[in-house]
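Read through the structure below, which is laid out as C-alpha cells, and then see the notes.
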Amino acid sequence: MSTLTATTEEPRTTPARPVYRVTGRNVLSSEWAKLWSLRSTWITLGLGLLFLVAFGLISASRYKSGINSGHMDRDFADSTAVSLSLFGSNFAQLALGVLGVLVTAGEYSTGMIRSTLAAVPRRLPVLWSKAAVFGLVALVVGTIGAFVAFGFGSGIVSGTPAAMSLTHAGVVRSLLGAGLYLGLVGVIGAALGALLRSVAGGISVLVAALMLIPGLISLLPSSWQDNISPYLPSNAGESMFALTHDSTTLSPGAGLLVFLGWTALALAGAACRLARTDA
C-alpha cells in the first residue's frame, strides 16, 4: 500500500512597491532638485549676483571720483548711496529673468517636460512649483546682492552728499524692494518660458518688456508718456525700490501692485496654455 503525500508550496511573496503620492511638497522637492542639478543655475545666479554688486561698486566709485575731481556727471548729480548701489539691478534682472526662462522652456527643448507631466498629470502644480522655487531663489540672491552692494557702496561714498546708512529712512525698504523686484522678474521669466515654450522666444519677450518697450514709449508725445510709462513692468518695478518719487512715478506700494499684476498676467497665460495644450 502506497501513501501519497501532498506537498503544498508556500506562495512566493514579492516585496510591496513603495507608493509614491503626488503631493505639493513632493512636486516642490522635485523642482528644487532639478533646479540645482543644472550647471547653468549656478553660473547664471553667480552672474546675477556679480552684476548687481560689481556695477553698484563701479557707479559708486565713479561718483566718488567725480566729487574729488570737481567734474560731476549730470547723471550722477542727484544720486544717493542707494541708487548708486542698485545701479546693477538693470543687469541682474536680465540674468535672473533669462534663468527663469531656462527653468521652464529648457524642459520643452530637451523633452523632459513629458516625463514631468506624466509624473504630475494635473500639470498646473508643476508650473506653480517651478515659479515658487525659482522665485524664492531669485528673491534671496537679489536681496543678498542688494545689501552687499549697499554695504560696500555706502563705504565708498562715505563723506559725500550721497552718503547714507541703513538707519536712514527708506533705505531698508528700498533694498528689500530691489530683492523682491528681482524675485518677481525671475517668476515672470519662468512664466514666459512656459507660455512660449521656447528659450529664444521667452528671452526675446523678456528683454523687450524690460528694456526695449520703455525706450520706444519715449518716442510718444509727452502727454502719452506720463499716462503709460509709470505702468510699464520695468518702471513699476523700479518704483518699488526708489527712495524718491514725483508726479511721473508710482509710489512703492502702487508699483508693487502693478508689477504683481504683470506677474499674475504672465502666470495666467502660462497656466492657460499648459492646461489646454499638449506638451
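Identifiers in the C-alpha cells: chain A, B, ... in order shown; residue index from 1 per chain; ligand index from 1 in order shown.
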
Fewer than 2 positions away in the same chain doesn't count, so skip those; otherwise give me all residues within 7 Å of stretch 245-249 of chain A, counting only C-alpha atoms, as a PDB file with N, CA and C atoms, in the first residue's frame.
```
ATOM      1  N   ASP A 226       3.382 110.210 -19.905  1.00  0.00           N
ATOM      2  CA  ASP A 226       3.030 110.351 -18.492  1.00  0.00           C
ATOM      3  C   ASP A 226       1.933 109.380 -18.083  1.00  0.00           C
ATOM      4  N   PRO A 230       4.594 105.015 -16.353  1.00  0.00           N
ATOM      5  CA  PRO A 230       4.680 104.502 -14.980  1.00  0.00           C
ATOM      6  C   PRO A 230       4.164 103.081 -14.807  1.00  0.00           C
ATOM      7  N   SER A 239      10.018 101.675  -9.263  1.00  0.00           N
ATOM      8  CA  SER A 239       9.389 102.473  -8.206  1.00  0.00           C
ATOM      9  C   SER A 239       9.294 101.706  -6.904  1.00  0.00           C
ATOM     10  N   LEU A 243      14.010 105.630  -3.745  1.00  0.00           N
ATOM     11  CA  LEU A 243      13.882 106.383  -2.499  1.00  0.00           C
ATOM     12  C   LEU A 243      12.947 107.570  -2.648  1.00  0.00           C
ATOM     13  N   SER A 251       4.113 105.294  -6.428  1.00  0.00           N
ATOM     14  CA  SER A 251       4.609 105.075  -5.073  1.00  0.00           C
ATOM     15  C   SER A 251       5.078 103.624  -4.955  1.00  0.00           C
TER      16      SER A 251
END
```

Write out as a PDB file with C-alpha atoms, in the first residue's frame which residues come within 9 Å of A:Val140 when counting only C-alpha atoms, dropping same-chain ones fewer than 6 positions away.
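That gives us result.pdb:
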```
ATOM      1  CA  GLY A 179      15.292  91.921  -3.902  1.00  0.00           C
ATOM      2  CA  LEU A 180      11.541  91.436  -4.287  1.00  0.00           C
ATOM      3  CA  GLY A 183      12.490  87.687  -7.455  1.00  0.00           C
TER       4      GLY A 183
END
```

Any idea what's packed within 8 Å of A:Ala271, counting only C-alpha atoms, ignoring anything in its chain fewer than 4 positions away? Could you give it as a ChimeraX atom specification? /A:124,127,195,267,275

Quick one: residues within 12 Å of A:Ser83, only C-alpha atoms, excluding same-chain residues fewer than 4 positions away - as a count of residues only? 36

DSSP on the backbone, then: every residue of stretch 1-127 of chain A marked alpha helix (DSSP H), written as a VMD selection string. chain A and resid 24 to 36 39 to 69 81 to 85 89 to 110 112 to 119 124 to 127

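Nearest residue to A:Lys64 among A:Ser85, A:Thr160, A:Ser234, A:Ser229 is A:Thr160, counting only C-alpha atoms.
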
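Atom CA of A:Gly100 is found 22.8 Å from atom CA of A:Val148.
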
Extract, using only C-alpha atoms, all DNA, RNA and protein residues at most 7 Å from A:Ala138, discarding same-chain residues fewer than 6 positions from it, and format them as a VMD selection string. chain A and resid 96 182 to 183 186

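Atom CA of A:Val187 to atom CA of A:Gly135 spans 5.1 Å [interatomic distance, one decimal].
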
Skip A:Gly189 itself and residues of its chain fewer than 3 positions away, then list as an NGL selection string all residues within 9 Å of it, counting only C-alpha atoms. :A and (96-104 or 131 or 184-186 or 192-194 or 202-203 or 206 or 266)

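Proximity ranking of A:Ser109, A:Ala81, A:Thr23, A:Phe91 relative to A:Pro121 places A:Thr23 first, based on only C-alpha atoms.
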